[in-house]
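Taking it in order: structure first as structure tokens, then the write-up.
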Amino acid sequence: MMTANTNRFDEAAVGAGPGRLLSAEPMTARLLPGVKLPARAWRISYTSTLGSGEPTQVTGTVLVPREPWRGPGARPLIGYAVGTQGLADTVAAASWQLRFGLEYESLFLISALRRGWALAITDYPGLGNPGTHPYVMGRSLGPAVLDSIRAARRLPAAGLDPDGPLGIYGYSEGGCAAGWALQLQPGYAPELELSGGVVGSAPADLLDMVEFLDGTPYAFLLFYGVLGLDAAYPELDVLQYLRPHGRAIAAIFRRTHAIPAAVLGIGVGALIPTRVSAYCTRMPFEVPEVRRRMLENKLGGIAPAAPVLVAGGTAEQIIPFPQAVNLADDWKALGADVTMLTMPRREHITGALSFAGPAMRFLADRFAESRALVLQKGA
């Protein structure tokens, strides 16, 4: 059973280890309201691990194309990490939005489905079930992506090959989750042999994100960040550093989906200060214990075993473009196989659209290479 107001579960409730499928409910997944995705769908619940090492329970969605797989080998499975959805327990969960045709990444999901790929889409901890979402805390998000793959393979109705090819896809917060999944996979889930992964516009350096966003119309995302820290590391009590009106605004954002939050944040930002210091008795990001946790969640310190495509837009207004370049360089320096994709004149939204095509092709090429390697070994 889960303890009140947290994301933590007793070991007895989550069973033996991460990635265990706890439940699966058939559902209808929609591209848009009234328009079904061409896939069989299940809302699943499964076990995972928080950044603290404690067990947790996460929900998500498994999508399998209705058409039989006609390609060589087994049907590929993608661990798909969605971008910022918000912090509201229910309406910000991708599984809930897919049920009603409201998931803004459905355009990219259908692209993968049309290639015949199956998808495991995590809701992340704290979305789809009680608790607060550990927003952009990669050490809690990466395991949820990997364990969604484990759980999907254990869903008999999905009919997925336990040895079929695997990939990881993520953009924005999803890029953070995907990057951490790729980093953690060799140690956390060594049995999941990934063919490749794609990481678009990931918030790789959280301290740099504070400097970049503070004082801009997108500073409201820093409230999401404070709440994410509080969810992942409640012992830090980061909300203690907020003034009463700062806590009130944080409480509002805690109950939002990302799109209304953006409208509220940008609109209110024109009327009230966008400097975080205006809401704090002390800047939480300057507290040594908080900085240490943020540095622990910095991407780039562990080499992925699988080939990776890293991408960023040069006109980014939310995730600074140098973060993508630095992430690619950091992984390369550790010996990882990294391809850097620069997207000229692309800001965050147009970057997502420009990223999808090259990302899907990169994964398709990696799947082809993996199949060729298997055939070569069998010859």
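All residue names refer to the structure tokens as shown: chains lettered A, B, ... in order, residues numbered from 1 in each chain, ligands numbered from 1 in order.
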
Inset, instruction - Can you pull out every residue within 10 Å of range 46-51 of chain A, counting only C-alpha atoms, but drop anything in the same chain fewer than 5 positions away, and send it as a VMD selection string? - result: chain A and resid 7 to 9 11 13 to 24 56 to 60 122 124 to 125 134 137 to 148 150 to 152 188 232 to 233 296 to 297

Legend entry - Near-Thr350 in chain A list (10 Å; only C-alpha atoms; drop same-chain fewer than 4 positions) as a list in words: Gly313, Ala315, Glu316, Met343, Arg345, Arg346, Ser354 and Phe355 of chain A

Please, could you write that set of residues out with C-alpha atoms as a CSV table (one decimal), in the first residue's frame?
```csv
chain,number,residue,atom,x,y,z
A,313,GLY,CA,17.0,23.5,-31.9
A,315,ALA,CA,16.3,29.0,-31.5
A,316,GLU,CA,15.2,27.2,-28.3
A,343,MET,CA,17.9,21.9,-35.9
A,345,ARG,CA,16.0,28.1,-36.4
A,346,ARG,CA,13.8,25.6,-34.5
A,354,SER,CA,11.4,18.6,-36.9
A,355,PHE,CA,12.9,16.0,-34.5
```

Legend entry - Long-range neighbours of range 93-96 of chain A as a PyMOL selection string, 6 Å cut-off, only C-alpha atoms, 3 positions minimum in chain: chain A and resi 60-61+90+99+123+127-128

Inset, instruction - Please identify all polymer residues within 12 Å of Arg247 in chain A, counting only C-alpha atoms, omitting same-chain residues fewer than 2 positions from it, and present them as a VMD selection string. - result: chain A and resid 223 to 224 226 to 227 238 to 245 249 to 254 276 278 to 281

Legend entry - Ala306 in chain A surroundings by only C-alpha atoms, 12 Å radius, close-in-sequence under 5 positions cut, as JSON, numbers by chain: {"A": [165, 166, 167, 168, 179, 181, 182, 183, 184, 185, 186, 190, 192, 193, 194, 195, 196, 197, 198, 331, 335, 336, 337, 338, 339, 363, 366, 367, 369, 370]}

Inset, instruction - Using DSSP on the backbone coordinates, identify the residues of range 187-241 of chain A assigned to helix (DSSP H, G or I); present them as a VMD selection string. - result: chain A and resid 187 to 188 206 to 213 220 to 232 234 to 236 238 to 241

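For the choices A:Pro38, A:Pro130, A:Gly300, A:Pro344, the atom-to-atom distance to Glu67 in chain A is smallest for A:Pro38 when using only C-alpha atoms.
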
Legend entry - DSSP strand (DSSP E) residues within range 6-121 of chain A, listed as a PyMOL selection string: chain A and resi 21-27+30-32+35-36+39-49+55-65+77-81+118-121

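Between Glu191 in chain A and the residues A:Ala258, A:Val308, A:Ile149, A:Ala248, the shortest atom-to-atom distance, using only C-alpha atoms, involves A:Ile149.
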
Legend entry - Contacts of range 158-164 of chain A at 6 Å (only C-alpha atoms; same-chain gap of 3+ positions) as a count of residues only: 4

Legend entry - Among the residues A:Ala157, A:Val290, A:Leu299, A:Ala364, the one that comes closest to Asp230 in chain A [using only C-alpha atoms]: A:Val290

Inset, instruction - Please provide the set of residues having any atom within 8 Å of Glu173 in chain A, restricted to only C-alpha atoms, with same-chain residues fewer than 4 positions apart removed, written as number ranges by chain. - result: A: 81-84, 135-136, 177, 202-203

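The space between CA of Arg282 in chain A and CA of Asp237 in chain A spans 12.6 Å.
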